[in-house]
$ cat model.cif   # mmCIF, N, CA and C atoms
data_coords
#
loop_
_atom_site.label_atom_id
_atom_site.label_comp_id
_atom_site.auth_asym_id
_atom_site.auth_seq_id
_atom_site.Cartn_x
_atom_site.Cartn_y
_atom_site.Cartn_z
N MET R 1 -69.93 31.45 -8.58
CA MET R 1 -68.93 32.16 -7.82
C MET R 1 -68.42 31.26 -6.69
N MET R 2 -67.15 31.46 -6.36
CA MET R 2 -66.57 30.75 -5.23
C MET R 2 -66.01 31.79 -4.27
N ILE R 3 -66.25 31.58 -2.98
CA ILE R 3 -65.62 32.39 -1.94
C ILE R 3 -64.48 31.54 -1.37
N ASN R 4 -63.28 32.05 -1.46
CA ASN R 4 -62.08 31.36 -1.02
C ASN R 4 -61.68 31.89 0.36
N ILE R 5 -61.98 31.13 1.42
CA ILE R 5 -61.60 31.51 2.78
C ILE R 5 -60.37 30.69 3.12
N SER R 6 -59.20 31.27 2.87
CA SER R 6 -57.94 30.58 3.10
C SER R 6 -56.81 31.60 3.16
N ASN R 7 -55.60 31.09 3.36
CA ASN R 7 -54.41 31.94 3.32
C ASN R 7 -53.74 31.89 1.95
N HIS R 8 -54.44 31.36 0.97
CA HIS R 8 -53.89 31.20 -0.36
C HIS R 8 -54.76 31.95 -1.36
N PRO R 9 -54.42 33.21 -1.64
CA PRO R 9 -55.24 34.02 -2.56
C PRO R 9 -55.37 33.35 -3.92
N SER R 10 -56.55 33.46 -4.49
CA SER R 10 -56.80 32.83 -5.79
C SER R 10 -55.90 33.41 -6.88
N SER R 11 -55.39 34.60 -6.70
CA SER R 11 -54.48 35.19 -7.68
C SER R 11 -53.17 34.40 -7.79
N ARG R 12 -52.89 33.55 -6.79
CA ARG R 12 -51.67 32.74 -6.80
C ARG R 12 -51.95 31.27 -7.12
N TRP R 13 -53.22 30.94 -7.42
CA TRP R 13 -53.57 29.58 -7.80
C TRP R 13 -53.05 29.30 -9.21
N GLY R 14 -52.79 28.03 -9.48
CA GLY R 14 -52.42 27.62 -10.83
C GLY R 14 -53.65 27.60 -11.73
N GLN R 15 -53.40 27.56 -13.02
CA GLN R 15 -54.48 27.57 -14.01
C GLN R 15 -55.45 26.42 -13.82
N PHE R 16 -54.94 25.23 -13.50
CA PHE R 16 -55.80 24.06 -13.32
C PHE R 16 -56.77 24.27 -12.16
N GLN R 17 -56.29 24.82 -11.05
CA GLN R 17 -57.16 25.06 -9.90
C GLN R 17 -58.22 26.11 -10.23
N VAL R 18 -57.84 27.14 -10.94
CA VAL R 18 -58.81 28.17 -11.35
C VAL R 18 -59.87 27.55 -12.25
N GLU R 19 -59.45 26.73 -13.20
CA GLU R 19 -60.41 26.07 -14.10
C GLU R 19 -61.37 25.19 -13.32
N LYS R 20 -60.87 24.44 -12.34
CA LYS R 20 -61.72 23.58 -11.53
C LYS R 20 -62.69 24.41 -10.68
N ALA R 21 -62.25 25.55 -10.18
CA ALA R 21 -63.13 26.44 -9.41
C ALA R 21 -64.27 26.95 -10.28
N ILE R 22 -63.94 27.33 -11.50
CA ILE R 22 -64.96 27.82 -12.44
C ILE R 22 -65.92 26.70 -12.81
N GLU R 23 -65.38 25.51 -13.04
CA GLU R 23 -66.20 24.34 -13.37
C GLU R 23 -67.18 24.03 -12.23
N LEU R 24 -66.70 24.15 -11.02
CA LEU R 24 -67.50 23.83 -9.84
C LEU R 24 -68.56 24.88 -9.54
N SER R 25 -68.20 26.14 -9.73
CA SER R 25 -69.07 27.22 -9.25
C SER R 25 -69.60 28.14 -10.33
N GLY R 26 -69.27 27.89 -11.56
CA GLY R 26 -69.73 28.76 -12.64
C GLY R 26 -68.70 29.85 -12.90
N ASP R 27 -68.82 30.46 -14.04
CA ASP R 27 -67.83 31.46 -14.47
C ASP R 27 -68.15 32.83 -13.88
N ARG R 28 -68.16 32.90 -12.57
CA ARG R 28 -68.45 34.18 -11.92
C ARG R 28 -67.30 34.62 -11.03
N GLY R 29 -66.17 33.94 -11.15
CA GLY R 29 -64.98 34.36 -10.43
C GLY R 29 -64.84 33.79 -9.04
N VAL R 30 -63.71 34.12 -8.44
CA VAL R 30 -63.39 33.70 -7.07
C VAL R 30 -63.12 34.96 -6.26
N TRP R 31 -63.77 35.08 -5.13
CA TRP R 31 -63.52 36.18 -4.20
C TRP R 31 -62.75 35.63 -3.02
N ASP R 32 -61.75 36.37 -2.60
CA ASP R 32 -60.92 35.92 -1.48
C ASP R 32 -61.34 36.60 -0.18
N VAL R 33 -61.43 35.79 0.87
CA VAL R 33 -61.63 36.28 2.24
C VAL R 33 -60.47 35.72 3.05
N GLN R 34 -59.67 36.59 3.63
CA GLN R 34 -58.48 36.16 4.38
C GLN R 34 -58.87 35.29 5.56
N PHE R 35 -58.26 34.12 5.65
CA PHE R 35 -58.46 33.24 6.81
C PHE R 35 -57.77 33.89 8.00
N PRO R 36 -58.47 34.05 9.12
CA PRO R 36 -57.87 34.74 10.27
C PRO R 36 -56.69 33.99 10.88
N HIS R 37 -55.78 34.74 11.45
CA HIS R 37 -54.70 34.14 12.24
C HIS R 37 -55.35 33.53 13.48
N VAL R 38 -54.94 32.33 13.85
CA VAL R 38 -55.50 31.64 15.01
C VAL R 38 -54.39 31.49 16.06
N SER R 39 -54.57 32.14 17.18
CA SER R 39 -53.59 32.03 18.26
C SER R 39 -53.70 30.65 18.90
N PRO R 40 -52.57 30.02 19.20
CA PRO R 40 -52.63 28.73 19.89
C PRO R 40 -53.18 28.86 21.31
N ASP R 41 -53.28 30.08 21.81
CA ASP R 41 -53.79 30.31 23.16
C ASP R 41 -55.30 30.53 23.21
N TRP R 42 -55.95 30.63 22.04
CA TRP R 42 -57.40 30.84 22.05
C TRP R 42 -58.12 29.67 22.69
N THR R 43 -59.20 30.00 23.38
CA THR R 43 -60.09 28.97 23.90
C THR R 43 -61.02 28.51 22.77
N GLN R 44 -61.74 27.42 23.01
CA GLN R 44 -62.71 26.95 22.01
C GLN R 44 -63.77 28.02 21.77
N GLY R 45 -64.13 28.74 22.82
CA GLY R 45 -65.11 29.82 22.68
C GLY R 45 -64.61 30.93 21.77
N GLU R 46 -63.33 31.27 21.87
CA GLU R 46 -62.76 32.30 21.00
C GLU R 46 -62.71 31.83 19.55
N VAL R 47 -62.42 30.55 19.34
CA VAL R 47 -62.43 30.00 17.98
C VAL R 47 -63.83 30.10 17.41
N ARG R 48 -64.83 29.71 18.19
CA ARG R 48 -66.23 29.79 17.71
C ARG R 48 -66.64 31.22 17.42
N GLU R 49 -66.20 32.15 18.25
CA GLU R 49 -66.52 33.57 18.05
C GLU R 49 -65.94 34.06 16.71
N HIS R 50 -64.70 33.72 16.42
CA HIS R 50 -64.09 34.13 15.16
C HIS R 50 -64.78 33.47 13.97
N ALA R 51 -65.15 32.21 14.11
CA ALA R 51 -65.87 31.52 13.03
C ALA R 51 -67.19 32.22 12.76
N THR R 52 -67.89 32.59 13.82
CA THR R 52 -69.17 33.29 13.67
C THR R 52 -68.96 34.62 12.96
N GLN R 53 -67.89 35.32 13.27
CA GLN R 53 -67.61 36.61 12.62
C GLN R 53 -67.34 36.42 11.12
N VAL R 54 -66.56 35.41 10.78
CA VAL R 54 -66.24 35.17 9.37
C VAL R 54 -67.50 34.82 8.58
N VAL R 55 -68.29 33.91 9.13
CA VAL R 55 -69.50 33.47 8.43
C VAL R 55 -70.51 34.61 8.36
N SER R 56 -70.65 35.36 9.43
CA SER R 56 -71.56 36.51 9.42
C SER R 56 -71.14 37.53 8.36
N TYR R 57 -69.86 37.79 8.28
CA TYR R 57 -69.34 38.72 7.26
C TYR R 57 -69.73 38.25 5.86
N CYS R 58 -69.52 36.96 5.59
CA CYS R 58 -69.81 36.42 4.26
C CYS R 58 -71.30 36.41 3.94
N LEU R 59 -72.10 35.96 4.89
CA LEU R 59 -73.52 35.77 4.60
C LEU R 59 -74.34 37.05 4.78
N THR R 60 -73.91 37.93 5.66
CA THR R 60 -74.70 39.13 5.94
C THR R 60 -74.13 40.36 5.26
N GLN R 61 -72.89 40.71 5.58
CA GLN R 61 -72.30 41.93 5.03
C GLN R 61 -72.05 41.84 3.54
N MET R 62 -71.57 40.67 3.08
CA MET R 62 -71.32 40.50 1.65
C MET R 62 -72.59 40.08 0.91
N ALA R 63 -73.61 39.66 1.65
CA ALA R 63 -74.89 39.22 1.07
C ALA R 63 -74.67 38.19 -0.05
N ILE R 64 -73.95 37.14 0.28
CA ILE R 64 -73.59 36.11 -0.68
C ILE R 64 -74.82 35.28 -1.07
N PRO R 65 -75.10 35.15 -2.37
CA PRO R 65 -76.25 34.34 -2.81
C PRO R 65 -76.11 32.87 -2.42
N GLN R 66 -77.21 32.17 -2.35
CA GLN R 66 -77.25 30.77 -1.95
C GLN R 66 -76.43 29.88 -2.88
N SER R 67 -76.30 30.24 -4.13
CA SER R 67 -75.62 29.39 -5.11
C SER R 67 -74.09 29.40 -5.00
N VAL R 68 -73.54 30.27 -4.19
CA VAL R 68 -72.09 30.40 -4.07
C VAL R 68 -71.49 29.19 -3.37
N VAL R 69 -70.34 28.74 -3.86
CA VAL R 69 -69.59 27.65 -3.24
C VAL R 69 -68.49 28.26 -2.38
N PHE R 70 -68.32 27.72 -1.18
CA PHE R 70 -67.28 28.20 -0.27
C PHE R 70 -66.12 27.21 -0.25
N HIS R 71 -64.91 27.71 -0.43
CA HIS R 71 -63.69 26.93 -0.30
C HIS R 71 -63.06 27.35 1.02
N VAL R 72 -62.91 26.41 1.96
CA VAL R 72 -62.40 26.74 3.29
C VAL R 72 -61.20 25.84 3.61
N MET R 73 -60.06 26.47 3.84
CA MET R 73 -58.84 25.76 4.23
C MET R 73 -58.08 26.65 5.20
N GLY R 74 -57.62 26.05 6.29
CA GLY R 74 -56.85 26.81 7.27
C GLY R 74 -56.66 26.00 8.53
N GLU R 75 -56.36 26.67 9.61
CA GLU R 75 -56.15 26.02 10.90
C GLU R 75 -57.36 25.15 11.20
N MET R 76 -57.09 23.94 11.65
CA MET R 76 -58.11 22.89 11.72
C MET R 76 -59.35 23.24 12.55
N THR R 77 -59.18 23.77 13.75
CA THR R 77 -60.36 23.98 14.61
C THR R 77 -61.23 25.13 14.10
N LEU R 78 -60.59 26.18 13.57
CA LEU R 78 -61.39 27.27 13.01
C LEU R 78 -62.04 26.84 11.71
N THR R 79 -61.33 26.06 10.89
CA THR R 79 -61.93 25.53 9.67
C THR R 79 -63.17 24.71 10.01
N TYR R 80 -63.06 23.85 11.01
CA TYR R 80 -64.20 23.02 11.41
C TYR R 80 -65.40 23.90 11.76
N GLU R 81 -65.18 24.91 12.57
CA GLU R 81 -66.30 25.76 13.01
C GLU R 81 -66.90 26.55 11.84
N ILE R 82 -66.05 27.06 10.94
CA ILE R 82 -66.57 27.81 9.78
C ILE R 82 -67.39 26.88 8.89
N VAL R 83 -66.85 25.70 8.62
CA VAL R 83 -67.56 24.73 7.77
C VAL R 83 -68.88 24.33 8.42
N ARG R 84 -68.86 24.07 9.72
CA ARG R 84 -70.08 23.68 10.43
C ARG R 84 -71.16 24.76 10.30
N LEU R 85 -70.78 26.00 10.52
CA LEU R 85 -71.75 27.10 10.43
C LEU R 85 -72.28 27.28 9.00
N LEU R 86 -71.40 27.18 8.02
CA LEU R 86 -71.84 27.31 6.63
C LEU R 86 -72.78 26.18 6.24
N LYS R 87 -72.44 24.95 6.66
CA LYS R 87 -73.31 23.80 6.35
C LYS R 87 -74.66 23.95 7.04
N GLU R 88 -74.65 24.43 8.29
CA GLU R 88 -75.92 24.66 9.00
C GLU R 88 -76.78 25.69 8.28
N ALA R 89 -76.13 26.61 7.57
CA ALA R 89 -76.84 27.63 6.79
C ALA R 89 -77.22 27.11 5.41
N GLY R 90 -76.97 25.83 5.15
CA GLY R 90 -77.37 25.23 3.88
C GLY R 90 -76.44 25.54 2.73
N ARG R 91 -75.19 25.90 3.03
CA ARG R 91 -74.24 26.28 2.00
C ARG R 91 -73.37 25.11 1.57
N ARG R 92 -72.92 25.16 0.34
CA ARG R 92 -72.02 24.15 -0.21
C ARG R 92 -70.59 24.56 0.13
N VAL R 93 -69.84 23.64 0.73
CA VAL R 93 -68.49 23.95 1.20
C VAL R 93 -67.53 22.86 0.71
N VAL R 94 -66.37 23.29 0.17
CA VAL R 94 -65.39 22.35 -0.35
C VAL R 94 -64.01 22.63 0.24
N ALA R 95 -63.17 21.61 0.17
CA ALA R 95 -61.76 21.71 0.51
C ALA R 95 -60.97 21.44 -0.77
N SER R 96 -59.74 21.91 -0.81
CA SER R 96 -58.88 21.56 -1.93
C SER R 96 -58.00 20.39 -1.51
N THR R 97 -57.82 19.46 -2.42
CA THR R 97 -56.92 18.34 -2.16
C THR R 97 -55.64 18.56 -2.96
N THR R 98 -54.53 18.13 -2.38
CA THR R 98 -53.24 18.32 -3.02
C THR R 98 -52.40 17.06 -2.90
N GLU R 99 -51.42 16.97 -3.76
CA GLU R 99 -50.43 15.91 -3.67
C GLU R 99 -49.12 16.55 -3.26
N ARG R 100 -48.53 16.01 -2.19
CA ARG R 100 -47.25 16.54 -1.70
C ARG R 100 -46.13 15.97 -2.55
N GLN R 101 -45.29 16.85 -3.05
CA GLN R 101 -44.12 16.42 -3.80
C GLN R 101 -42.88 17.01 -3.13
N SER R 102 -41.76 16.31 -3.25
CA SER R 102 -40.54 16.81 -2.60
C SER R 102 -39.31 16.33 -3.34
N CYS R 103 -38.21 16.98 -3.02
CA CYS R 103 -36.91 16.58 -3.55
C CYS R 103 -35.85 17.06 -2.56
N VAL R 104 -34.68 16.49 -2.67
CA VAL R 104 -33.55 16.92 -1.87
C VAL R 104 -32.62 17.68 -2.79
N GLY R 105 -32.35 18.92 -2.43
CA GLY R 105 -31.48 19.76 -3.25
C GLY R 105 -30.02 19.38 -3.12
N PRO R 106 -29.17 19.96 -3.95
CA PRO R 106 -27.74 19.66 -3.91
C PRO R 106 -27.09 20.02 -2.57
N ASP R 107 -27.73 20.91 -1.85
CA ASP R 107 -27.21 21.30 -0.53
C ASP R 107 -27.70 20.37 0.58
N GLY R 108 -28.48 19.34 0.21
CA GLY R 108 -29.00 18.39 1.18
C GLY R 108 -30.29 18.81 1.83
N GLU R 109 -30.76 20.02 1.51
CA GLU R 109 -32.01 20.52 2.10
C GLU R 109 -33.20 19.92 1.36
N LYS R 110 -34.17 19.44 2.14
CA LYS R 110 -35.38 18.87 1.56
C LYS R 110 -36.35 20.01 1.23
N ARG R 111 -36.91 19.94 0.04
CA ARG R 111 -37.88 20.94 -0.39
C ARG R 111 -39.19 20.22 -0.70
N ALA R 112 -40.27 20.82 -0.29
CA ALA R 112 -41.59 20.22 -0.52
C ALA R 112 -42.53 21.27 -1.10
N TRP R 113 -43.46 20.82 -1.93
CA TRP R 113 -44.49 21.69 -2.49
C TRP R 113 -45.73 20.83 -2.71
N PHE R 114 -46.83 21.50 -2.90
CA PHE R 114 -48.11 20.80 -3.02
C PHE R 114 -48.74 21.15 -4.36
N VAL R 115 -49.22 20.12 -5.04
CA VAL R 115 -49.84 20.28 -6.35
C VAL R 115 -51.34 20.03 -6.20
N PHE R 116 -52.14 21.00 -6.60
CA PHE R 116 -53.60 20.90 -6.51
C PHE R 116 -54.10 19.72 -7.33
N CYS R 117 -55.06 18.96 -6.77
CA CYS R 117 -55.67 17.83 -7.49
C CYS R 117 -57.14 18.08 -7.78
N GLN R 118 -57.92 18.42 -6.75
CA GLN R 118 -59.36 18.61 -6.95
C GLN R 118 -59.96 19.32 -5.75
N PHE R 119 -61.23 19.73 -5.91
CA PHE R 119 -62.02 20.21 -4.78
C PHE R 119 -62.88 19.05 -4.30
N ARG R 120 -63.00 18.90 -2.98
CA ARG R 120 -63.79 17.82 -2.40
C ARG R 120 -64.77 18.42 -1.39
N GLU R 121 -66.01 17.94 -1.44
CA GLU R 121 -67.05 18.42 -0.52
C GLU R 121 -66.73 18.06 0.93
N TYR R 122 -67.03 18.99 1.83
CA TYR R 122 -66.97 18.67 3.27
C TYR R 122 -68.23 17.91 3.60
#
$ encode --input "model.cif" --output "structure tokens"
Amino acid sequence: MMINISNHPSSRWGQFQVEKAIELSGDRGVWDVQFPHVSPDWTQGEVREHATQVVSYCLTQMAIPQSVVFHVMGEMTLTYEIVRLLKEAGRRVVASTTERQSCVGPDGEKRAWFVFCQFREY
């Protein structure tokens, strides 16, 4: 199983990313946990408090087994704190890597999108 803590629900992932998640974590599915909105006005203490809440929810309320892989992507400082807490708890944590692609449309507007490549350990 994989717990996806991000703003990108697994229901919107491409087939390749889903296959890689299953390969990495076993055929037990992906559960989504919404990555919290992070105010630019939060102090470091508030970021740590929110990280503690997210990790506590996953490890205590959801009672996630030790074998579960966590995928964490989001605002950098909160991601750091969530990953740090999960690693301190002995959990396996990964990030998704992507390749940025872009084109300029006929209207001159630049369009960019990201193509999933792999999961990488934190």
$ resolve_selection --input "model.cif" --expression "the PyMOL selection byres ((chain R and resi 119) around 6)" --output "list of chain:residue names"
R:Val94, R:Ala95, R:Ser96, R:Thr97, R:Cys117, R:Gln118, R:Arg120, R:Glu121
$ write_last_selection --input "model.cif" --atoms "N, CA and C atoms" --output "tab-separated table (two decimals), in the coordinates of the input"
chain	number	residue	atom	x	y	z
R	94	VAL	N	-66.37	23.29	0.17
R	94	VAL	CA	-65.39	22.35	-0.35
R	94	VAL	C	-64.01	22.63	0.24
R	95	ALA	N	-63.17	21.61	0.17
R	95	ALA	CA	-61.76	21.71	0.51
R	95	ALA	C	-60.97	21.44	-0.77
R	96	SER	N	-59.74	21.91	-0.81
R	96	SER	CA	-58.88	21.56	-1.93
R	96	SER	C	-58.00	20.39	-1.51
R	97	THR	N	-57.82	19.46	-2.42
R	97	THR	CA	-56.92	18.34	-2.16
R	97	THR	C	-55.64	18.56	-2.96
R	117	CYS	N	-55.06	18.96	-6.77
R	117	CYS	CA	-55.67	17.83	-7.49
R	117	CYS	C	-57.14	18.08	-7.78
R	118	GLN	N	-57.92	18.42	-6.75
R	118	GLN	CA	-59.36	18.61	-6.95
R	118	GLN	C	-59.96	19.32	-5.75
R	120	ARG	N	-63.00	18.90	-2.98
R	120	ARG	CA	-63.79	17.82	-2.40
R	120	ARG	C	-64.77	18.42	-1.39
R	121	GLU	N	-66.01	17.94	-1.44
R	121	GLU	CA	-67.05	18.42	-0.52
R	121	GLU	C	-66.73	18.06	0.93
$ residues_around --input "model.cif" --residues "Leu24 (chain R)" --least-positions-apart "4" --cutoff "7 Å" --atoms "all atoms listed in the file" --output "list in words"
Met1, Glu19, Lys20 and Val69 of chain R
$ residues_around --input "model.cif" --residues "Arg28 (chain R)" --least-positions-apart "5" --cutoff "8 Å" --atoms "all atoms listed in the file" --output "number ranges by chain"
R: 1-2, 21-23
$ select_by_dssp --input "model.cif" --residues "chain R" --states "helix (DSSP H, G or I)" --output "count of residues only"
45
$ select_by_dssp --input "model.cif" --residues "chain R" --states "strand (DSSP E)" --output "number ranges by chain"
R: 2-6, 30-34, 69-72, 92-104, 110-121
$ write_last_selection --input "model.cif" --atoms "N, CA and C atoms" --output "compact mmCIF listing (two decimals), keeping the file's coordinate frame"
# COMPACT_ATOMS: atom_id res chain seq x y z
N MET R 2 -67.15 31.46 -6.36
CA MET R 2 -66.57 30.75 -5.23
C MET R 2 -66.01 31.79 -4.27
N ILE R 3 -66.25 31.58 -2.98
CA ILE R 3 -65.62 32.39 -1.94
C ILE R 3 -64.48 31.54 -1.37
N ASN R 4 -63.28 32.05 -1.46
CA ASN R 4 -62.08 31.36 -1.02
C ASN R 4 -61.68 31.89 0.36
N ILE R 5 -61.98 31.13 1.42
CA ILE R 5 -61.60 31.51 2.78
C ILE R 5 -60.37 30.69 3.12
N SER R 6 -59.20 31.27 2.87
CA SER R 6 -57.94 30.58 3.10
C SER R 6 -56.81 31.60 3.16
N VAL R 30 -63.71 34.12 -8.44
CA VAL R 30 -63.39 33.70 -7.07
C VAL R 30 -63.12 34.96 -6.26
N TRP R 31 -63.77 35.08 -5.13
CA TRP R 31 -63.52 36.18 -4.20
C TRP R 31 -62.75 35.63 -3.02
N ASP R 32 -61.75 36.37 -2.60
CA ASP R 32 -60.92 35.92 -1.48
C ASP R 32 -61.34 36.60 -0.18
N VAL R 33 -61.43 35.79 0.87
CA VAL R 33 -61.63 36.28 2.24
C VAL R 33 -60.47 35.72 3.05
N GLN R 34 -59.67 36.59 3.63
CA GLN R 34 -58.48 36.16 4.38
C GLN R 34 -58.87 35.29 5.56
N VAL R 69 -70.34 28.74 -3.86
CA VAL R 69 -69.59 27.65 -3.24
C VAL R 69 -68.49 28.26 -2.38
N PHE R 70 -68.32 27.72 -1.18
CA PHE R 70 -67.28 28.20 -0.27
C PHE R 70 -66.12 27.21 -0.25
N HIS R 71 -64.91 27.71 -0.43
CA HIS R 71 -63.69 26.93 -0.30
C HIS R 71 -63.06 27.35 1.02
N VAL R 72 -62.91 26.41 1.96
CA VAL R 72 -62.40 26.74 3.29
C VAL R 72 -61.20 25.84 3.61
N ARG R 92 -72.92 25.16 0.34
CA ARG R 92 -72.02 24.15 -0.21
C ARG R 92 -70.59 24.56 0.13
N VAL R 93 -69.84 23.64 0.73
CA VAL R 93 -68.49 23.95 1.20
C VAL R 93 -67.53 22.86 0.71
N VAL R 94 -66.37 23.29 0.17
CA VAL R 94 -65.39 22.35 -0.35
C VAL R 94 -64.01 22.63 0.24
N ALA R 95 -63.17 21.61 0.17
CA ALA R 95 -61.76 21.71 0.51
C ALA R 95 -60.97 21.44 -0.77
N SER R 96 -59.74 21.91 -0.81
CA SER R 96 -58.88 21.56 -1.93
C SER R 96 -58.00 20.39 -1.51
N THR R 97 -57.82 19.46 -2.42
CA THR R 97 -56.92 18.34 -2.16
C THR R 97 -55.64 18.56 -2.96
N THR R 98 -54.53 18.13 -2.38
CA THR R 98 -53.24 18.32 -3.02
C THR R 98 -52.40 17.06 -2.90
N GLU R 99 -51.42 16.97 -3.76
CA GLU R 99 -50.43 15.91 -3.67
C GLU R 99 -49.12 16.55 -3.26
N ARG R 100 -48.53 16.01 -2.19
CA ARG R 100 -47.25 16.54 -1.70
C ARG R 100 -46.13 15.97 -2.55
N GLN R 101 -45.29 16.85 -3.05
CA GLN R 101 -44.12 16.42 -3.80
C GLN R 101 -42.88 17.01 -3.13
N SER R 102 -41.76 16.31 -3.25
CA SER R 102 -40.54 16.81 -2.60
C SER R 102 -39.31 16.33 -3.34
N CYS R 103 -38.21 16.98 -3.02
CA CYS R 103 -36.91 16.58 -3.55
C CYS R 103 -35.85 17.06 -2.56
N VAL R 104 -34.68 16.49 -2.67
CA VAL R 104 -33.55 16.92 -1.87
C VAL R 104 -32.62 17.68 -2.79
N LYS R 110 -34.17 19.44 2.14
CA LYS R 110 -35.38 18.87 1.56
C LYS R 110 -36.35 20.01 1.23
N ARG R 111 -36.91 19.94 0.04
CA ARG R 111 -37.88 20.94 -0.39
C ARG R 111 -39.19 20.22 -0.70
N ALA R 112 -40.27 20.82 -0.29
CA ALA R 112 -41.59 20.22 -0.52
C ALA R 112 -42.53 21.27 -1.10
N TRP R 113 -43.46 20.82 -1.93
CA TRP R 113 -44.49 21.69 -2.49
C TRP R 113 -45.73 20.83 -2.71
N PHE R 114 -46.83 21.50 -2.90
CA PHE R 114 -48.11 20.80 -3.02
C PHE R 114 -48.74 21.15 -4.36
N VAL R 115 -49.22 20.12 -5.04
CA VAL R 115 -49.84 20.28 -6.35
C VAL R 115 -51.34 20.03 -6.20
N PHE R 116 -52.14 21.00 -6.60
CA PHE R 116 -53.60 20.90 -6.51
C PHE R 116 -54.10 19.72 -7.33
N CYS R 117 -55.06 18.96 -6.77
CA CYS R 117 -55.67 17.83 -7.49
C CYS R 117 -57.14 18.08 -7.78
N GLN R 118 -57.92 18.42 -6.75
CA GLN R 118 -59.36 18.61 -6.95
C GLN R 118 -59.96 19.32 -5.75
N PHE R 119 -61.23 19.73 -5.91
CA PHE R 119 -62.02 20.21 -4.78
C PHE R 119 -62.88 19.05 -4.30
N ARG R 120 -63.00 18.90 -2.98
CA ARG R 120 -63.79 17.82 -2.40
C ARG R 120 -64.77 18.42 -1.39
N GLU R 121 -66.01 17.94 -1.44
CA GLU R 121 -67.05 18.42 -0.52
C GLU R 121 -66.73 18.06 0.93
$ residues_around --input "model.cif" --residues "His50 (chain R)" --least-positions-apart "2" --cutoff "12 Å" --atoms "only C-alpha atoms" --output "ChimeraX atom specification"
/R:35-39,42-48,52-57,77-82,85
$ atom_distance --input "model.cif" --atom1 "atom C of Met73 (chain R)" --atom2 "CA of Gly105 (chain R)"
28.7 Å
$ atom_distance --input "model.cif" --atom1 "atom N of Trp113 (chain R)" --atom2 "atom C of Asn4 (chain R)"
21.4 Å
$ atom_distance --input "model.cif" --atom1 "CA of Phe70 (chain R)" --atom2 "CA of Arg92 (chain R)"
6.2 Å
$ residues_around --input "model.cif" --residues "Ser6 (chain R)" --least-positions-apart "6" --cutoff "8 Å" --atoms "all atoms listed in the file" --output "MDAnalysis selection string"
chainID R and resid 32:36 71:75
$ closest_residue --input "model.cif" --among "R:Pro40, R:Arg84, R:Phe114, R:Trp31" --to "Thr98 (chain R)" --atoms "all atoms listed in the file"
R:Phe114
